[in-house]
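**Q** Have a peek at protein-v7.cif (mmCIF, C-alpha atoms).
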data_my_file
loop_
_atom_site.group_PDB
_atom_site.id
_atom_site.type_symbol
_atom_site.label_atom_id
_atom_site.label_comp_id
_atom_site.auth_asym_id
_atom_site.auth_seq_id
_atom_site.Cartn_x
_atom_site.Cartn_y
_atom_site.Cartn_z
ATOM 1 C CA MET A 1 64.528 140.980 147.774
ATOM 2 C CA SER A 2 63.763 137.559 149.237
ATOM 3 C CA MET A 3 63.078 134.680 146.846
ATOM 4 C CA LYS A 4 60.829 133.009 149.404
ATOM 5 C CA GLY A 5 57.406 132.421 147.867
ATOM 6 C CA MET A 6 58.205 134.468 144.755
ATOM 7 C CA PHE A 7 56.505 131.873 142.485
ATOM 8 C CA GLU A 8 53.692 131.040 144.886
ATOM 9 C CA ASN A 9 50.980 132.375 142.584
ATOM 10 C CA ARG A 10 52.338 130.907 139.360
ATOM 11 C CA SER A 11 50.520 128.030 137.632
ATOM 12 C CA ALA A 12 51.020 124.392 138.548
ATOM 13 C CA LEU A 13 52.487 123.815 135.077
ATOM 14 C CA PHE A 14 55.109 126.492 135.675
ATOM 15 C CA GLN A 15 55.953 125.104 139.130
ATOM 16 C CA THR A 16 56.172 121.550 137.762
ATOM 17 C CA GLY A 17 58.510 122.726 135.005
ATOM 18 C CA LEU A 18 60.639 124.496 137.588
ATOM 19 C CA LEU A 19 60.776 121.313 139.677
ATOM 20 C CA VAL A 20 61.890 119.323 136.614
ATOM 21 C CA TYR A 21 64.569 121.949 135.949
ATOM 22 C CA PHE A 22 65.814 121.737 139.554
ATOM 23 C CA PHE A 23 65.790 117.925 139.287
ATOM 24 C CA ILE A 24 67.872 117.879 136.080
ATOM 25 C CA MET A 25 70.327 120.449 137.438
ATOM 26 C CA GLY A 26 70.609 118.452 140.649
ATOM 27 C CA MET A 27 71.346 115.240 138.742
ATOM 28 C CA MET A 28 74.038 116.966 136.683
ATOM 29 C CA PHE A 29 75.636 118.611 139.704
ATOM 30 C CA GLY A 30 75.454 115.387 141.715
ATOM 31 C CA SER A 31 77.080 113.457 138.871
ATOM 32 C CA MET A 32 79.943 115.948 138.734
ATOM 33 C CA ILE A 33 80.486 115.621 142.482
ATOM 34 C CA SER A 34 80.417 111.809 142.252
ATOM 35 C CA LEU A 35 82.972 111.849 139.428
ATOM 36 C CA GLY A 36 85.123 114.247 141.426
ATOM 37 C CA VAL A 37 85.094 111.941 144.456
ATOM 38 C CA SER A 38 85.925 108.943 142.266
ATOM 39 C CA HIS A 39 88.824 110.838 140.697
ATOM 40 C CA LEU A 40 90.062 111.931 144.128
ATOM 41 C CA PHE A 41 90.215 108.376 145.460
ATOM 42 C CA GLY A 42 91.403 106.924 142.165
ATOM 43 C CA THR A 43 91.283 103.223 141.320
ATOM 44 C CA ALA A 44 90.951 102.243 144.985
ATOM 45 C CA LEU A 45 87.301 103.318 144.891
ATOM 46 C CA ALA A 46 86.464 102.995 141.198
ATOM 47 C CA GLY A 47 83.781 100.420 140.468
ATOM 48 C CA SER A 48 83.571 99.340 144.097
ATOM 49 C CA PHE A 49 80.519 98.568 146.208
ATOM 50 C CA TYR A 50 81.029 101.737 148.235
ATOM 51 C CA GLN A 51 81.497 103.923 145.160
ATOM 52 C CA MET A 52 78.073 102.849 143.902
ATOM 53 C CA HIS A 53 76.512 103.678 147.235
ATOM 54 C CA ALA A 54 78.366 106.992 147.538
ATOM 55 C CA MET A 55 77.105 107.968 144.088
ATOM 56 C CA GLN A 56 73.581 106.913 145.030
ATOM 57 C CA PHE A 57 73.743 108.910 148.256
ATOM 58 C CA VAL A 58 74.952 112.049 146.451
ATOM 59 C CA SER A 59 72.329 111.586 143.730
ATOM 60 C CA ASP A 60 69.554 111.291 146.312
ATOM 61 C CA ILE A 61 70.594 114.575 147.905
ATOM 62 C CA PHE A 62 71.130 116.644 144.767
ATOM 63 C CA ALA A 63 68.439 115.174 142.482
ATOM 64 C CA PHE A 64 65.655 114.617 145.018
ATOM 65 C CA LEU A 65 66.142 116.384 148.339
ATOM 66 C CA LEU A 66 67.606 119.779 147.386
ATOM 67 C CA PRO A 67 65.240 120.371 144.431
ATOM 68 C CA SER A 68 62.305 119.631 146.741
ATOM 69 C CA PHE A 69 63.393 122.201 149.305
ATOM 70 C CA GLY A 70 64.278 124.632 146.548
ATOM 71 C CA ILE A 71 60.845 124.427 144.924
ATOM 72 C CA ALA A 72 59.139 124.643 148.324
ATOM 73 C CA TYR A 73 61.086 127.800 149.160
ATOM 74 C CA VAL A 74 60.355 129.685 145.935
ATOM 75 C CA CYS A 75 56.780 128.413 145.497
ATOM 76 C CA SER A 76 55.460 128.854 149.019
ATOM 77 C CA SER A 77 55.729 131.367 151.837
ATOM 78 C CA ARG A 78 55.473 128.359 154.191
ATOM 79 C CA PRO A 79 57.925 125.775 152.770
ATOM 80 C CA PHE A 80 57.592 123.322 155.666
ATOM 81 C CA ASP A 81 53.825 123.202 155.233
ATOM 82 C CA PHE A 82 54.263 122.889 151.461
ATOM 83 C CA LEU A 83 56.312 119.698 151.913
ATOM 84 C CA LYS A 84 54.149 118.460 154.825
ATOM 85 C CA ILE A 85 57.249 118.086 157.010
ATOM 86 C CA ARG A 86 56.280 120.451 159.832
ATOM 87 C CA HIS A 87 54.511 117.874 161.968
ATOM 88 C CA ILE A 88 56.086 114.791 163.513
ATOM 89 C CA PRO A 89 53.454 112.047 163.962
ATOM 90 C CA ASN A 90 53.080 110.297 167.276
ATOM 91 C CA VAL A 91 54.562 106.854 167.881
ATOM 92 C CA LYS A 92 51.202 105.151 167.401
ATOM 93 C CA ILE A 93 50.805 106.440 163.853
ATOM 94 C CA LEU A 94 54.387 105.505 162.961
ATOM 95 C CA ILE A 95 53.867 101.958 164.243
ATOM 96 C CA LEU A 96 50.604 101.704 162.317
ATOM 97 C CA ALA A 97 52.383 102.877 159.148
ATOM 98 C CA ILE A 98 55.073 100.218 159.599
ATOM 99 C CA ILE A 99 52.512 97.464 160.182
ATOM 100 C CA ALA A 100 50.421 98.661 157.233
ATOM 101 C CA MET A 101 53.375 98.580 154.840
ATOM 102 C CA ILE A 102 54.526 95.135 155.976
ATOM 103 C CA ALA A 103 50.952 93.865 155.648
ATOM 104 C CA ILE A 104 50.547 95.155 152.087
ATOM 105 C CA LEU A 105 53.866 93.741 150.833
ATOM 106 C CA PRO A 106 52.463 90.306 149.871
ATOM 107 C CA ALA A 107 49.900 91.981 147.605
ATOM 108 C CA ILE A 108 52.637 94.165 146.079
ATOM 109 C CA GLU A 109 54.745 91.065 145.477
ATOM 110 C CA ALA A 110 51.809 89.382 143.760
ATOM 111 C CA LEU A 111 51.494 92.393 141.458
ATOM 112 C CA THR A 112 55.237 92.183 140.785
ATOM 113 C CA TYR A 113 54.888 88.575 139.665
ATOM 114 C CA LEU A 114 51.907 89.372 137.443
ATOM 115 C CA ASN A 115 53.716 92.361 135.908
ATOM 116 C CA VAL A 116 56.749 90.213 135.051
ATOM 117 C CA GLN A 117 54.465 87.709 133.293
ATOM 118 C CA MET A 118 53.007 90.380 131.031
ATOM 119 C CA HIS A 119 53.790 90.230 127.309
ATOM 120 C CA LEU A 120 53.454 92.916 124.684
ATOM 121 C CA PRO A 121 51.629 92.208 121.384
ATOM 122 C CA ASP A 122 53.579 90.250 118.757
ATOM 123 C CA PHE A 123 54.272 93.341 116.645
ATOM 124 C CA MET A 124 56.059 94.843 119.677
ATOM 125 C CA SER A 125 58.186 91.768 120.368
ATOM 126 C CA SER A 126 61.454 93.572 119.581
ATOM 127 C CA LEU A 127 60.540 96.302 122.091
ATOM 128 C CA GLU A 128 59.719 93.666 124.710
ATOM 129 C CA THR A 129 63.103 92.019 124.121
ATOM 130 C CA GLN A 130 64.845 95.354 124.666
ATOM 131 C CA LEU A 131 62.810 96.046 127.788
ATOM 132 C CA ARG A 132 63.652 92.642 129.267
ATOM 133 C CA GLU A 133 67.351 93.139 128.480
ATOM 134 C CA TRP A 134 67.138 96.478 130.288
ATOM 135 C CA GLU A 135 65.447 94.756 133.242
ATOM 136 C CA GLU A 136 68.261 92.194 133.376
ATOM 137 C CA LEU A 137 70.831 94.995 133.382
ATOM 138 C CA MET A 138 69.006 96.792 136.199
ATOM 139 C CA ALA A 139 68.773 93.501 138.123
ATOM 140 C CA LYS A 140 72.541 93.031 137.799
ATOM 141 C CA ILE A 141 73.142 96.544 139.127
ATOM 142 C CA THR A 142 70.778 95.848 142.023
ATOM 143 C CA ASP A 143 72.560 92.551 142.699
ATOM 144 C CA GLU A 144 75.868 94.415 142.876
ATOM 145 C CA MET A 145 74.393 96.891 145.349
ATOM 146 C CA LEU A 146 72.632 94.347 147.557
ATOM 147 C CA GLY A 147 74.499 91.109 146.934
ATOM 148 C CA ARG A 148 77.234 91.374 149.576
ATOM 149 C CA ASN A 149 76.582 89.512 152.822
ATOM 150 C CA ASP A 150 78.812 91.183 155.433
ATOM 151 C CA ILE A 151 77.415 93.336 158.225
ATOM 152 C CA LEU A 152 79.009 96.594 157.076
ATOM 153 C CA SER A 153 77.467 96.170 153.610
ATOM 154 C CA LEU A 154 74.081 95.435 155.184
ATOM 155 C CA VAL A 155 74.251 98.616 157.279
ATOM 156 C CA THR A 156 75.306 100.582 154.196
ATOM 157 C CA ASN A 157 72.375 99.214 152.205
ATOM 158 C CA ILE A 158 69.920 99.966 155.009
ATOM 159 C CA VAL A 159 71.146 103.572 155.217
ATOM 160 C CA VAL A 160 71.459 104.322 151.474
ATOM 161 C CA VAL A 161 68.892 102.038 149.807
ATOM 162 C CA GLY A 162 66.483 101.872 152.717
ATOM 163 C CA LEU A 163 66.407 105.108 154.684
ATOM 164 C CA MET A 164 67.961 107.660 152.321
ATOM 165 C CA ALA A 165 65.983 106.600 149.244
ATOM 166 C CA GLY A 166 62.782 106.414 151.279
ATOM 167 C CA LEU A 167 63.294 109.930 152.627
ATOM 168 C CA THR A 168 64.418 111.719 149.472
ATOM 169 C CA GLU A 169 61.946 110.111 147.064
ATOM 170 C CA GLU A 170 59.009 110.843 149.340
ATOM 171 C CA VAL A 171 60.015 114.472 149.854
ATOM 172 C CA LEU A 172 60.185 114.907 146.067
ATOM 173 C CA PHE A 173 57.175 112.903 144.855
ATOM 174 C CA ARG A 174 54.724 113.056 147.767
ATOM 175 C CA GLY A 175 56.030 116.320 149.188
ATOM 176 C CA ALA A 176 56.919 118.706 146.355
ATOM 177 C CA LEU A 177 55.255 117.151 143.288
ATOM 178 C CA LEU A 178 51.994 116.139 144.963
ATOM 179 C CA SER A 179 51.686 119.557 146.615
ATOM 180 C CA ILE A 180 51.995 121.216 143.212
ATOM 181 C CA LEU A 181 49.441 118.875 141.660
ATOM 182 C CA ARG A 182 46.981 119.383 144.514
ATOM 183 C CA ARG A 183 47.005 123.135 143.879
ATOM 184 C CA SER A 184 45.468 122.686 140.428
ATOM 185 C CA ILE A 185 43.680 119.323 140.734
ATOM 186 C CA ARG A 186 40.824 119.374 143.216
ATOM 187 C CA ASN A 187 40.273 115.625 143.119
ATOM 188 C CA HIS A 188 42.962 114.242 145.418
ATOM 189 C CA HIS A 189 42.638 110.756 143.898
ATOM 190 C CA ILE A 190 43.681 112.021 140.464
ATOM 191 C CA ALA A 191 46.596 114.001 141.912
ATOM 192 C CA ILE A 192 47.815 111.017 143.928
ATOM 193 C CA TRP A 193 47.721 108.649 140.951
ATOM 194 C CA ILE A 194 49.441 111.140 138.628
ATOM 195 C CA ALA A 195 52.274 111.531 141.142
ATOM 196 C CA ALA A 196 52.409 107.738 141.516
ATOM 197 C CA PHE A 197 52.583 107.317 137.726
ATOM 198 C CA ILE A 198 55.535 109.716 137.487
ATOM 199 C CA PHE A 199 57.179 108.044 140.493
ATOM 200 C CA SER A 200 56.950 104.638 138.816
ATOM 201 C CA ALA A 201 57.907 105.857 135.341
ATOM 202 C CA ILE A 202 61.081 107.595 136.518
ATOM 203 C CA HIS A 203 62.471 104.239 137.718
ATOM 204 C CA LEU A 204 62.539 103.100 134.051
ATOM 205 C CA GLN A 205 61.475 99.516 134.793
ATOM 206 C CA PHE A 206 58.518 98.435 132.669
ATOM 207 C CA PHE A 207 58.158 95.014 134.282
ATOM 208 C CA GLY A 208 58.013 96.579 137.718
ATOM 209 C CA PHE A 209 55.827 99.496 136.686
ATOM 210 C CA ILE A 210 52.466 98.276 138.041
ATOM 211 C CA PRO A 211 53.566 97.329 141.589
ATOM 212 C CA ARG A 212 55.587 100.537 141.879
ATOM 213 C CA LEU A 213 52.592 102.531 140.607
ATOM 214 C CA VAL A 214 50.350 100.976 143.268
ATOM 215 C CA LEU A 215 53.025 101.465 145.928
ATOM 216 C CA GLY A 216 53.372 105.127 144.965
ATOM 217 C CA ALA A 217 49.607 105.606 145.158
ATOM 218 C CA LEU A 218 49.439 103.946 148.585
ATOM 219 C CA LEU A 219 52.197 106.228 149.864
ATOM 220 C CA GLY A 220 50.305 109.188 148.457
ATOM 221 C CA TYR A 221 47.178 108.127 150.290
ATOM 222 C CA MET A 222 49.163 107.680 153.501
ATOM 223 C CA LEU A 223 50.237 111.294 153.189
ATOM 224 C CA TYR A 224 46.678 112.372 152.450
ATOM 225 C CA TRP A 225 45.198 110.377 155.330
ATOM 226 C CA SER A 226 47.783 111.548 157.884
ATOM 227 C CA ASP A 227 48.586 114.998 156.411
ATOM 228 C CA CYS A 228 52.224 114.280 157.280
ATOM 229 C CA ILE A 229 55.103 113.349 154.959
ATOM 230 C CA TRP A 230 56.864 111.369 157.679
ATOM 231 C CA VAL A 231 54.228 108.640 157.606
ATOM 232 C CA ALA A 232 54.929 108.065 153.896
ATOM 233 C CA VAL A 233 58.689 108.288 154.516
ATOM 234 C CA ILE A 234 58.543 105.614 157.205
ATOM 235 C CA ALA A 235 56.342 103.356 155.072
ATOM 236 C CA HIS A 236 58.594 103.744 152.019
ATOM 237 C CA SER A 237 61.732 103.110 154.075
ATOM 238 C CA VAL A 238 60.189 99.971 155.578
ATOM 239 C CA ASN A 239 59.411 98.685 152.084
ATOM 240 C CA ASN A 240 63.016 99.239 151.009
ATOM 241 C CA ILE A 241 64.543 97.821 154.183
ATOM 242 C CA VAL A 242 62.432 94.658 153.934
ATOM 243 C CA ALA A 243 63.807 94.164 150.407
ATOM 244 C CA VAL A 244 67.380 94.733 151.629
ATOM 245 C CA MET A 245 66.970 92.333 154.551
ATOM 246 C CA GLY A 246 65.242 89.745 152.354
ATOM 247 C CA VAL A 247 68.169 89.680 149.934
ATOM 248 C CA TYR A 248 70.718 89.668 152.766
ATOM 249 C CA PHE A 249 69.177 86.645 154.460
ATOM 250 C CA GLY A 250 68.599 84.866 151.146
ATOM 251 C CA LEU A 251 64.821 84.866 151.393
ATOM 252 C CA PHE A 252 64.498 85.971 147.778
ATOM 253 C CA GLU A 253 66.490 87.190 144.810
ATOM 254 C CA THR A 254 66.483 90.896 143.953
ATOM 255 C CA SER A 255 64.240 90.230 140.952
ATOM 256 C CA GLY A 256 62.192 87.495 142.566
ATOM 257 C CA SER A 257 58.964 87.288 144.500
ATOM 258 C CA VAL A 258 58.468 86.222 148.100
ATOM 259 C CA ILE A 259 54.847 85.089 147.831
ATOM 260 C CA ILE A 260 54.315 83.965 144.234
ATOM 261 C CA GLU A 261 56.552 81.561 142.284
ATOM 262 C CA PRO A 262 56.247 80.277 138.689
ATOM 263 C CA GLU A 263 55.166 76.774 139.720
ATOM 264 C CA MET A 264 52.986 76.424 142.786
ATOM 265 C CA SER A 265 50.729 73.661 144.048
ATOM 266 C CA ARG A 266 47.110 74.357 144.886
ATOM 267 C CA GLY A 267 47.968 74.316 148.567
ATOM 268 C CA GLU A 268 50.729 76.877 148.067
ATOM 269 C CA VAL A 269 48.411 79.078 146.012
ATOM 270 C CA ALA A 270 45.782 78.852 148.755
ATOM 271 C CA THR A 271 48.361 79.737 151.419
ATOM 272 C CA ALA A 272 49.635 82.694 149.383
ATOM 273 C CA SER A 273 46.065 83.890 148.834
ATOM 274 C CA ILE A 274 45.315 83.731 152.550
ATOM 275 C CA ILE A 275 48.481 85.720 153.303
ATOM 276 C CA ILE A 276 47.585 88.356 150.709
ATOM 277 C CA VAL A 277 43.964 88.718 151.856
ATOM 278 C CA GLY A 278 45.007 88.762 155.503
ATOM 279 C CA GLY A 279 47.570 91.440 154.751
ATOM 280 C CA LEU A 280 44.963 93.563 152.975
ATOM 281 C CA VAL A 281 42.664 93.296 155.991
ATOM 282 C CA VAL A 282 45.426 94.330 158.395
ATOM 283 C CA PHE A 283 46.360 97.184 156.046
ATOM 284 C CA GLY A 284 42.763 98.409 156.018
ATOM 285 C CA LEU A 285 42.550 98.337 159.806
ATOM 286 C CA CYS A 286 45.805 100.270 160.142
ATOM 287 C CA VAL A 287 44.648 102.870 157.631
ATOM 288 C CA ARG A 288 41.383 103.288 159.506
ATOM 289 C CA ALA A 289 43.316 103.940 162.719
ATOM 290 C CA ILE A 290 45.690 106.405 161.001
ATOM 291 C CA LYS A 291 42.779 108.378 159.565
ATOM 292 C CA ARG A 292 41.128 108.476 162.982
ATOM 293 C CA ASP A 293 44.175 109.677 164.906
ATOM 294 C CA LYS A 294 46.337 112.456 163.426
ATOM 295 C CA GLY A 295 47.983 113.458 166.688
ATOM 296 C CA VAL A 296 51.472 114.991 166.616
ATOM 297 C CA MET A 297 54.392 115.059 169.046
ATOM 298 C CA ASN A 298 56.240 118.103 167.804
ATOM 299 C CA ASP A 299 56.033 121.003 165.404
ATOM 300 C CA PHE A 300 58.919 122.230 163.268
ATOM 301 C CA SER A 301 59.091 125.951 162.706
ATOM 302 C CA GLY A 302 58.633 126.593 158.999
ATOM 303 C CA ARG A 303 57.523 130.188 159.053
#
Kindly transcribe the structure held in the file into structure tokens.
**A**
Amino acid sequence: MSMKGMFENRSALFQTGLLVYFFIMGMMFGSMISLGVSHLFGTALAGSFYQMHAMQFVSDIFAFLLPSFGIAYVCSSRPFDFLKIRHIPNVKILILAIIAMIAILPAIEALTYLNVQMHLPDFMSSLETQLREWEELMAKITDEMLGRNDILSLVTNIVVVGLMAGLTEEVLFRGALLSILRRSIRNHHIAIWIAAFIFSAIHLQFFGFIPRLVLGALLGYMLYWSDCIWVAVIAHSVNNIVAVMGVYFGLFETSGSVIIEPEMSRGEVATASIIIVGGLVVFGLCVRAIKRDKGVMNDFSGR
């Protein structure tokens, strides 16, 4: 008996629970593989730049990509349609997605700055201290992953942090999770924002929660507007690659902001505001064009 589509008629709650189970099992299995590789190569690889990236690569596959395909296979008789990966968008839509994401980045950076400036009430000061210590630890880990300035490290970061993370996270959150939510939630706005909330929360960074929430929602809308996961994948990858390139060329620190800084003159604030507003306008125009043209170049066979 084939397992394909065997849980297609089960509730969204059941399918979500199954996805969580696949995710946890994937993380555990990926961790075991990563430890096995580290043990195989011994101290030569332990704690190195490439070990971190190898572990990240394995984690992306086993915790994000494989659970997504697994849930699509057992919860749909048409897995490719379930994940919205059947259609490849035309070059015009891909270019529009790239331009849209680059245009919206200044606004996302502004939200990042505002989120960092947030403070919890006085009675939660100890929690805020712990959260900021956690943020500093995460920033150090990110610095270790992105801080090297040789070409091979840059290419590695583009592949693992940029492309691989963009692909696997979108397939899980905008492909599998959002598809499950849309089956039980008729209002697509609610489904998109719930998926975005989970996407942001799973990164465990309180002082980056708001910009990541908005980013997740925008990626969800890109999928909804284009009806194609690859548009969201490209946009997400562009966001990550811009961050990688920005750190590599010293344009900003991993925890810093490109547009907004703690102390800015009125002229700098005005310039930043113009950039943000201009980016929002360009983003809106790109979205309008994407919604108008959903042409495709190819069609994967998912039946």
**Q** Considering all atoms listed in the file, can you say which of A:Phe69, A:Phe199, A:Phe207, A:Phe249 comes closest to Gly147 in chain A?
**A**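 Among A:Phe69, A:Phe199, A:Phe207, A:Phe249, it is A:Phe249 that comes nearest to Gly147 in chain A.
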**Q** Find, counting all atoms listed in the file, the residue in A:Met28, A:Leu251, A:Met6, A:Leu177 that gets nearest to Ile194 in chain A.
**A** A:Leu177
**Q** Expand the PyMOL selection byres ((chain A and resi 52-62) around 12) into the explicit residue set it covers here, and present it as a PyMOL selection string.
**A** chain A and resi 22-38+45-51+63-70+141-146+153-172
**Q** Which polymer residues, whether protein, DNA or RNA, lie within 9 Å of the coordinate (46.1, 129.3, 138.6) when you count all atoms listed in the file? List them as a list in words, using the chain letters and numbers from the file.
**A** Asn9, Arg10, Ser11, Ala12, Arg183 and Ser184 of chain A
**Q** What is the distance, in Å and to one decimal place, between CA of Asn149 in chain A and CA of Tyr248 in chain A?
**A**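 Straight-line distance from CA of Asn149 in chain A to CA of Tyr248 in chain A works out to 5.9 Å.
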**Q** Using all atoms listed in the file, which of the listed residues (A:His236, A:Arg148, A:His189, A:Arg132) sits closest to Gly208 in chain A?
**A**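 Using all atoms listed in the file, the shortest distance to Gly208 in chain A belongs to A:Arg132.
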**Q** What are the nearest atom pairs, with distances in Å to one decimal, for all residues of range 81-143 of chain A that come at most 9 Å from range 278-283 of chain A, using only C-alpha atoms, set out by chain and rising residue number as JSON lines?
**A**
{"residue": "A:Leu96", "atom": "CA", "partner": "A:Phe283", "partner_atom": "CA", "distance": 8.8}
{"residue": "A:Ala97", "atom": "CA", "partner": "A:Phe283", "partner_atom": "CA", "distance": 8.8}
{"residue": "A:Ile99", "atom": "CA", "partner": "A:Phe283", "partner_atom": "CA", "distance": 7.4}
{"residue": "A:Ala100", "atom": "CA", "partner": "A:Phe283", "partner_atom": "CA", "distance": 4.5}
{"residue": "A:Met101", "atom": "CA", "partner": "A:Phe283", "partner_atom": "CA", "distance": 7.3}
{"residue": "A:Ile102", "atom": "CA", "partner": "A:Gly279", "partner_atom": "CA", "distance": 8.0}
{"residue": "A:Ala103", "atom": "CA", "partner": "A:Gly279", "partner_atom": "CA", "distance": 4.3}
{"residue": "A:Ile104", "atom": "CA", "partner": "A:Gly279", "partner_atom": "CA", "distance": 5.5}
{"residue": "A:Leu105", "atom": "CA", "partner": "A:Gly279", "partner_atom": "CA", "distance": 7.8}
{"residue": "A:Pro106", "atom": "CA", "partner": "A:Gly279", "partner_atom": "CA", "distance": 7.0}
{"residue": "A:Ala107", "atom": "CA", "partner": "A:Leu280", "partner_atom": "CA", "distance": 7.5}
**Q** Carefully work through the PyMOL selection byres ((chain A and resi 81) around 10) for this structure and note down the residues it includes, as a PyMOL selection string.
**A** chain A and resi 72+76-80+82-87+175+179+227-229+300-303
**Q** Take every atom of range 182-196 of chain A listed in the file, pad by 3 Å on each side, and give me the axis-aligned box centre and edge lengths in Å, one decimal, as JSON.
**A**
{"center_x": 46.3, "center_y": 115.4, "center_z": 142.0, "size_x": 18.1, "size_y": 21.4, "size_z": 12.8}
**Q** Quote the spacing between CA of Asn115 in chain A and CA of Val214 in chain A in Å to one decimal place.
**A**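 Result for CA of Asn115 in chain A versus CA of Val214 in chain A: 11.8 Å, one decimal.
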**Q** Please indicate the distance in Å from CA of Asn240 in chain A to CA of Ala289 in chain A, rounded to one decimal place.
**A**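 Taking CA of Asn240 in chain A and CA of Ala289 in chain A, their separation equals 23.4 Å.
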**Q** Excluding same-chain residues fewer than 6 positions from Gln130 in chain A, what lies within 12 Å of it counting all atoms listed in the file, as number ranges by chain?
**A** A: 120, 124, 136-137, 205-207
**Q** Which residue is closest to Leu223 in chain A? Choose from A:Cys75, A:Leu127, A:Val287, A:Ile190 and count only C-alpha atoms.
**A**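 For Leu223 in chain A, the nearest of the candidates is A:Val287.
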**Q** Point out the residue among A:Ala235, A:Leu13, A:His203, A:Phe209 with the least atom-to-atom distance to Met138 in chain A, counting all atoms listed in the file.
**A**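 Between A:Ala235, A:Leu13, A:His203, A:Phe209, the residue approaching Met138 in chain A most closely is A:His203.
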**Q** Determine the residue set returned by the PyMOL selection byres ((chain A and resi 212) around 9) for the present structure, and present it as a list in words.
**A**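 This file gives the following for the PyMOL selection byres ((chain A and resi 212) around 9): Ile108, Thr112, Ala196, Phe197, Phe199, Ser200, Ala201, His203, Gly208, Phe209, Ile210, Pro211, Leu213, Val214, Leu215, Gly216 and Ala217 of chain A.
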**Q** Could you tell me which of A:Val116, A:Ile93, A:Leu285, A:Leu178 comes closest to Ile192 in chain A if we count all atoms listed in the file?
**A**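 That would be A:Leu178, the residue with the smallest distance to Ile192 in chain A.
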**Q** Generate the coordinates of N, CA and C atoms for range 280-291 of chain A; report them as a PDB file, in the frame of the given file.
**A**
ATOM      1  N   LEU A 280      45.836  92.464 153.393  1.00  0.00           N
ATOM      2  CA  LEU A 280      44.963  93.563 152.975  1.00  0.00           C
ATOM      3  C   LEU A 280      44.018  93.974 154.107  1.00  0.00           C
ATOM      4  N   VAL A 281      43.551  92.994 154.864  1.00  0.00           N
ATOM      5  CA  VAL A 281      42.664  93.296 155.991  1.00  0.00           C
ATOM      6  C   VAL A 281      43.411  94.087 157.056  1.00  0.00           C
ATOM      7  N   VAL A 282      44.616  93.630 157.397  1.00  0.00           N
ATOM      8  CA  VAL A 282      45.426  94.330 158.395  1.00  0.00           C
ATOM      9  C   VAL A 282      45.750  95.738 157.914  1.00  0.00           C
ATOM     10  N   PHE A 283      46.072  95.868 156.630  1.00  0.00           N
ATOM     11  CA  PHE A 283      46.360  97.184 156.046  1.00  0.00           C
ATOM     12  C   PHE A 283      45.157  98.108 156.208  1.00  0.00           C
ATOM     13  N   GLY A 284      43.973  97.599 155.892  1.00  0.00           N
ATOM     14  CA  GLY A 284      42.763  98.409 156.018  1.00  0.00           C
ATOM     15  C   GLY A 284      42.508  98.862 157.442  1.00  0.00           C
ATOM     16  N   LEU A 285      42.753  97.982 158.403  1.00  0.00           N
ATOM     17  CA  LEU A 285      42.550  98.337 159.806  1.00  0.00           C
ATOM     18  C   LEU A 285      43.552  99.408 160.251  1.00  0.00           C
ATOM     19  N   CYS A 286      44.792  99.279 159.790  1.00  0.00           N
ATOM     20  CA  CYS A 286      45.805 100.270 160.142  1.00  0.00           C
ATOM     21  C   CYS A 286      45.465 101.633 159.540  1.00  0.00           C
ATOM     22  N   VAL A 287      45.020 101.617 158.297  1.00  0.00           N
ATOM     23  CA  VAL A 287      44.648 102.870 157.631  1.00  0.00           C
ATOM     24  C   VAL A 287      43.490 103.536 158.363  1.00  0.00           C
ATOM     25  N   ARG A 288      42.527 102.741 158.773  1.00  0.00           N
ATOM     26  CA  ARG A 288      41.383 103.288 159.506  1.00  0.00           C
ATOM     27  C   ARG A 288      41.844 103.971 160.787  1.00  0.00           C
ATOM     28  N   ALA A 289      42.803 103.357 161.474  1.00  0.00           N
ATOM     29  CA  ALA A 289      43.316 103.940 162.719  1.00  0.00           C
ATOM     30  C   ALA A 289      44.121 105.209 162.438  1.00  0.00           C
ATOM     31  N   ILE A 290      44.906 105.222 161.356  1.00  0.00           N
ATOM     32  CA  ILE A 290      45.690 106.405 161.001  1.00  0.00           C
ATOM     33  C   ILE A 290      44.775 107.581 160.678  1.00  0.00           C
ATOM     34  N   LYS A 291      43.717 107.319 159.934  1.00  0.00           N
ATOM     35  CA  LYS A 291      42.779 108.378 159.565  1.00  0.00           C
ATOM     36  C   LYS A 291      42.043 108.927 160.786  1.00  0.00           C
TER      37      LYS A 291
END
